[in-house]
Amino acid sequence: MGGDRLFLFGQSISLLGDGLAVLAIPLLVLQLTGNPLLSALAAAPRVIGYLIAGLPAGPLVDRADPWRVLIAADVVRMVVFLLLAVAVAVNGCPVAVILGLACVVGVAGVFFETALAVAVRDLYAGTRLMRANGFLETSGQLSLVLGPAAVGVLVAAAGHQAALLVNAGTFAVSLITVWRTYRGLPDTESGSAASPVDQQRRASPGRGTLGSIGAELRIGVRYLVTSRLVAGITLLQAVTALGLGAETLIPFFARERLGLSAVLVGLAVAGGGVGGALGALLAATAGPRLSPIPACLTGMLLTAAGLTLVSLAPGAIWLALANALLAGSSMVVVVVVRTLRQQVVPRELLGRVTSTARSLVLAAAAAGTALTGLLTGLCGDNPRPVFAGAAVFIAISTVLVWAGVLGRTAHRLNTFDRSDQCAPTSS
């Protein structure tokens, strides 16, 4: 197996570990306490991780070799899940310690995701970069479906400890594959000259002992704001996340307004997971042949169409298909934006720009969830108008961002083969 294929295999296993963690830790906390609030906190390590380390992760990754950050993050996550397995065995571990370990996993995951954006750029170029991102997102979407299901089977068959040990094993596989890929890169063997990664790190502005994390972060934020292309695609992603806050109402809508059974509610929600995986796969296969900005804008408009269809859904099948369209089209936007950012942002700023953009998008998603919940209450607990309003918001925002920000840039980016040759235009 080639180094790049080995790397993608390892990351698919790592993403499965993320999917396992979505349910493994909350189930453990729920078993120990029976407290739904504590279980909900245990289910949000990624959000907590970004609140703690989302912004500083970027400058720190840019200072370091991203491959070593990946290795360190995998070691941390593997050790944490081994410790959690031990905690289950001793039957006396305080819940506060388990929640603390869950936060450690979340922070390690933030550093891993930030470094992964840089490492993937180092390993792939041109159309291969788009395909790699599409593969990773496809694996991520499937892990959100398969991971919790696997945890349920493992817990039922062998108990919580087995599920936690399997989770640790997924990060061990990722660690091995990342290490082997890293060792196979040019100029990383012991005793060789400084690698291109080291040379770029030494030459980058704002580094070293004189450059504070805050100053380095401001450099990244300034680039994100002043680069017309990067600011535009980040704004599109934030708008999508804000509008997709309505997506969290789908289970409520299916149960309370459509009167569906628990099985049919699960079917409607699963449609989003399947659609997301298909959308990422479509971006990986067809995306490299498309013009990136129109592809991104089309994904936004199809997302709005999906929300519109959700608002009109009369039953489970319609709702599942609409959710699939909604998730699939939004995933196309995610893959396109990630690839564009990797191709146009200078290598020495990529960690900062990536972590800042993801923190902004996460904040927009949280605001969207809160706002749509509030609006649904004002509509008499009827989310149909909220779905329709979110669709209109995304559609109008897409047109405005195109007209005001991205229209002047799109003609310079014909395909993903050539986009890495086009420096972003500053406003």
# chains A, B, ... in the order shown; residues from 1 in each chain; ligands from 1

$ residues_around --residues "Val263 in chain A" --least-positions-apart "5" --cutoff "12 Å" --atoms "only C-alpha atoms" --output "list in words"
Pro251, Ala254, Arg255, Ala268, Val269, Ala270 and Ala316 of chain A

$ closest_atom_pairs --of "range 273-357 of chain A" --to "range 46-60 of chain A" --cutoff "10 Å" --atoms "only C-alpha atoms" --output "JSON lines"
{"residue": "A:Glu348", "atom": "CA", "partner": "A:Pro59", "partner_atom": "CA", "distance": 9.5}
{"residue": "A:Leu349", "atom": "CA", "partner": "A:Pro59", "partner_atom": "CA", "distance": 8.1}
{"residue": "A:Leu350", "atom": "CA", "partner": "A:Gly58", "partner_atom": "CA", "distance": 7.8}
{"residue": "A:Gly351", "atom": "CA", "partner": "A:Gly58", "partner_atom": "CA", "distance": 4.4}
{"residue": "A:Arg352", "atom": "CA", "partner": "A:Gly58", "partner_atom": "CA", "distance": 3.7}
{"residue": "A:Val353", "atom": "CA", "partner": "A:Gly58", "partner_atom": "CA", "distance": 7.0}
{"residue": "A:Thr354", "atom": "CA", "partner": "A:Gly58", "partner_atom": "CA", "distance": 6.9}
{"residue": "A:Ser355", "atom": "CA", "partner": "A:Gly58", "partner_atom": "CA", "distance": 5.1}
{"residue": "A:Thr356", "atom": "CA", "partner": "A:Leu55", "partner_atom": "CA", "distance": 5.7}
{"residue": "A:Ala357", "atom": "CA", "partner": "A:Leu55", "partner_atom": "CA", "distance": 9.2}

$ residues_around --residues "range 290-305 of chain A" --least-positions-apart "6" --cutoff "8 Å" --atoms "only C-alpha atoms" --output "PDB file with N, CA and C atoms, in the first residue's frame"
ATOM      1  N   LEU A 236     -19.366  32.127   3.193  1.00  0.00           N
ATOM      2  CA  LEU A 236     -20.337  31.152   2.686  1.00  0.00           C
ATOM      3  C   LEU A 236     -20.518  29.994   3.658  1.00  0.00           C
ATOM      4  N   THR A 240     -23.908  29.001   5.717  1.00  0.00           N
ATOM      5  CA  THR A 240     -24.475  27.653   5.651  1.00  0.00           C
ATOM      6  C   THR A 240     -24.688  27.087   7.045  1.00  0.00           C
ATOM      7  N   LEU A 325     -30.703  15.325   0.601  1.00  0.00           N
ATOM      8  CA  LEU A 325     -30.306  16.408  -0.291  1.00  0.00           C
ATOM      9  C   LEU A 325     -29.660  17.539   0.501  1.00  0.00           C
ATOM     10  N   LEU A 326     -30.262  17.870   1.631  1.00  0.00           N
ATOM     11  CA  LEU A 326     -29.741  18.937   2.478  1.00  0.00           C
ATOM     12  C   LEU A 326     -28.316  18.632   2.944  1.00  0.00           C
ATOM     13  N   ALA A 327     -28.108  17.435   3.477  1.00  0.00           N
ATOM     14  CA  ALA A 327     -26.789  17.075   3.997  1.00  0.00           C
ATOM     15  C   ALA A 327     -25.774  16.886   2.874  1.00  0.00           C
ATOM     16  N   SER A 329     -25.681  18.263  -0.210  1.00  0.00           N
ATOM     17  CA  SER A 329     -25.265  19.510  -0.836  1.00  0.00           C
ATOM     18  C   SER A 329     -24.402  20.345   0.094  1.00  0.00           C
ATOM     19  N   SER A 330     -24.721  20.357   1.381  1.00  0.00           N
ATOM     20  CA  SER A 330     -23.878  21.101   2.321  1.00  0.00           C
ATOM     21  C   SER A 330     -22.502  20.474   2.446  1.00  0.00           C
ATOM     22  N   VAL A 332     -20.889  19.030  -0.024  1.00  0.00           N
ATOM     23  CA  VAL A 332     -20.146  19.503  -1.193  1.00  0.00           C
ATOM     24  C   VAL A 332     -19.500  20.845  -0.894  1.00  0.00           C
ATOM     25  N   VAL A 333     -20.242  21.733  -0.251  1.00  0.00           N
ATOM     26  CA  VAL A 333     -19.694  23.041   0.125  1.00  0.00           C
ATOM     27  C   VAL A 333     -18.497  22.871   1.051  1.00  0.00           C
ATOM     28  N   VAL A 336     -15.424  21.554  -0.982  1.00  0.00           N
ATOM     29  CA  VAL A 336     -14.912  22.575  -1.899  1.00  0.00           C
ATOM     30  C   VAL A 336     -14.184  23.665  -1.131  1.00  0.00           C
ATOM     31  N   VAL A 337     -14.798  24.165  -0.069  1.00  0.00           N
ATOM     32  CA  VAL A 337     -14.182  25.239   0.716  1.00  0.00           C
ATOM     33  C   VAL A 337     -12.873  24.777   1.334  1.00  0.00           C
ATOM     34  N   LEU A 340     -10.196  24.595  -1.468  1.00  0.00           N
ATOM     35  CA  LEU A 340      -9.787  25.931  -1.903  1.00  0.00           C
ATOM     36  C   LEU A 340      -8.880  26.589  -0.864  1.00  0.00           C
ATOM     37  N   ALA A 390     -35.012  29.643   6.879  1.00  0.00           N
ATOM     38  CA  ALA A 390     -33.586  29.333   6.775  1.00  0.00           C
ATOM     39  C   ALA A 390     -33.185  29.135   5.319  1.00  0.00           C
ATOM     40  N   ALA A 391     -34.072  28.513   4.531  1.00  0.00           N
ATOM     41  CA  ALA A 391     -33.791  28.315   3.100  1.00  0.00           C
ATOM     42  C   ALA A 391     -33.670  29.648   2.382  1.00  0.00           C
ATOM     43  N   VAL A 392     -34.591  30.559   2.663  1.00  0.00           N
ATOM     44  CA  VAL A 392     -34.553  31.880   2.033  1.00  0.00           C
ATOM     45  C   VAL A 392     -33.289  32.628   2.458  1.00  0.00           C
ATOM     46  N   ILE A 394     -30.340  31.387   3.359  1.00  0.00           N
ATOM     47  CA  ILE A 394     -29.165  30.833   2.683  1.00  0.00           C
ATOM     48  C   ILE A 394     -29.135  31.249   1.217  1.00  0.00           C
ATOM     49  N   ALA A 395     -30.284  31.205   0.543  1.00  0.00           N
ATOM     50  CA  ALA A 395     -30.331  31.559  -0.880  1.00  0.00           C
ATOM     51  C   ALA A 395     -29.970  33.025  -1.098  1.00  0.00           C
ATOM     52  N   THR A 398     -26.285  33.653  -0.373  1.00  0.00           N
ATOM     53  CA  THR A 398     -25.435  33.149  -1.451  1.00  0.00           C
ATOM     54  C   THR A 398     -25.318  34.170  -2.577  1.00  0.00           C
ATOM     55  N   TRP A 402     -21.891  36.249  -3.562  1.00  0.00           N
ATOM     56  CA  TRP A 402     -21.414  36.179  -4.948  1.00  0.00           C
ATOM     57  C   TRP A 402     -21.270  37.576  -5.538  1.00  0.00           C
ATOM     58  N   LEU A 406     -17.312  37.285  -4.146  1.00  0.00           N
ATOM     59  CA  LEU A 406     -16.681  36.219  -4.934  1.00  0.00           C
ATOM     60  C   LEU A 406     -16.772  36.418  -6.442  1.00  0.00           C
ATOM     61  N   ALA A 410     -14.058  34.568  -9.135  1.00  0.00           N
ATOM     62  CA  ALA A 410     -14.402  33.265  -9.699  1.00  0.00           C
ATOM     63  C   ALA A 410     -13.758  33.022 -11.052  1.00  0.00           C
ATOM     64  N   LEU A 413     -10.433  31.159 -11.218  1.00  0.00           N
ATOM     65  CA  LEU A 413     -10.343  29.791 -10.742  1.00  0.00           C
ATOM     66  C   LEU A 413     -11.176  28.907 -11.658  1.00  0.00           C
ATOM     67  N   ASN A 414     -10.569  28.426 -12.727  1.00  0.00           N
ATOM     68  CA  ASN A 414     -11.326  27.645 -13.700  1.00  0.00           C
ATOM     69  C   ASN A 414     -11.624  26.239 -13.210  1.00  0.00           C
ATOM     70  N   THR A 415     -10.601  25.556 -12.701  1.00  0.00           N
ATOM     71  CA  THR A 415     -10.780  24.225 -12.140  1.00  0.00           C
ATOM     72  C   THR A 415      -9.849  24.074 -10.960  1.00  0.00           C
ATOM     73  N   PHE A 416     -10.005  22.974 -10.233  1.00  0.00           N
ATOM     74  CA  PHE A 416      -9.126  22.725  -9.092  1.00  0.00           C
ATOM     75  C   PHE A 416      -7.709  22.395  -9.533  1.00  0.00           C
TER      76      PHE A 416
END

$ residues_around --residues "Pro383 in chain A" --least-positions-apart "3" --cutoff "12 Å" --atoms "only C-alpha atoms" --output "JSON, numbers by chain"
{"A": [245, 246, 247, 248, 249, 250, 251, 252, 253, 254, 255, 256, 257, 258, 307, 308, 310, 311, 312, 313, 371, 372, 373, 374, 375, 376, 377, 378, 379, 380, 386, 387, 388, 389, 390]}

$ closest_residue --among "A:Ala366, A:Val76, A:Val61, A:Ala24" --to "Val118 in chain A" --atoms "only C-alpha atoms"
A:Val61

$ atom_distance --atom1 "CA of Ala162 in chain A" --atom2 "CA of Leu27 in chain A"
12.9 Å

$ select_by_dssp --residues "range 91-276 of chain A" --states "alpha helix (DSSP H)" --output "MDAnalysis selection string"
chainID A and resid 95:123 127:158 160:183 196:203 213:226 228:243 250:252 262:276

$ atom_distance --atom1 "CA of Ile25 in chain A" --atom2 "CA of Leu136 in chain A"
23.3 Å
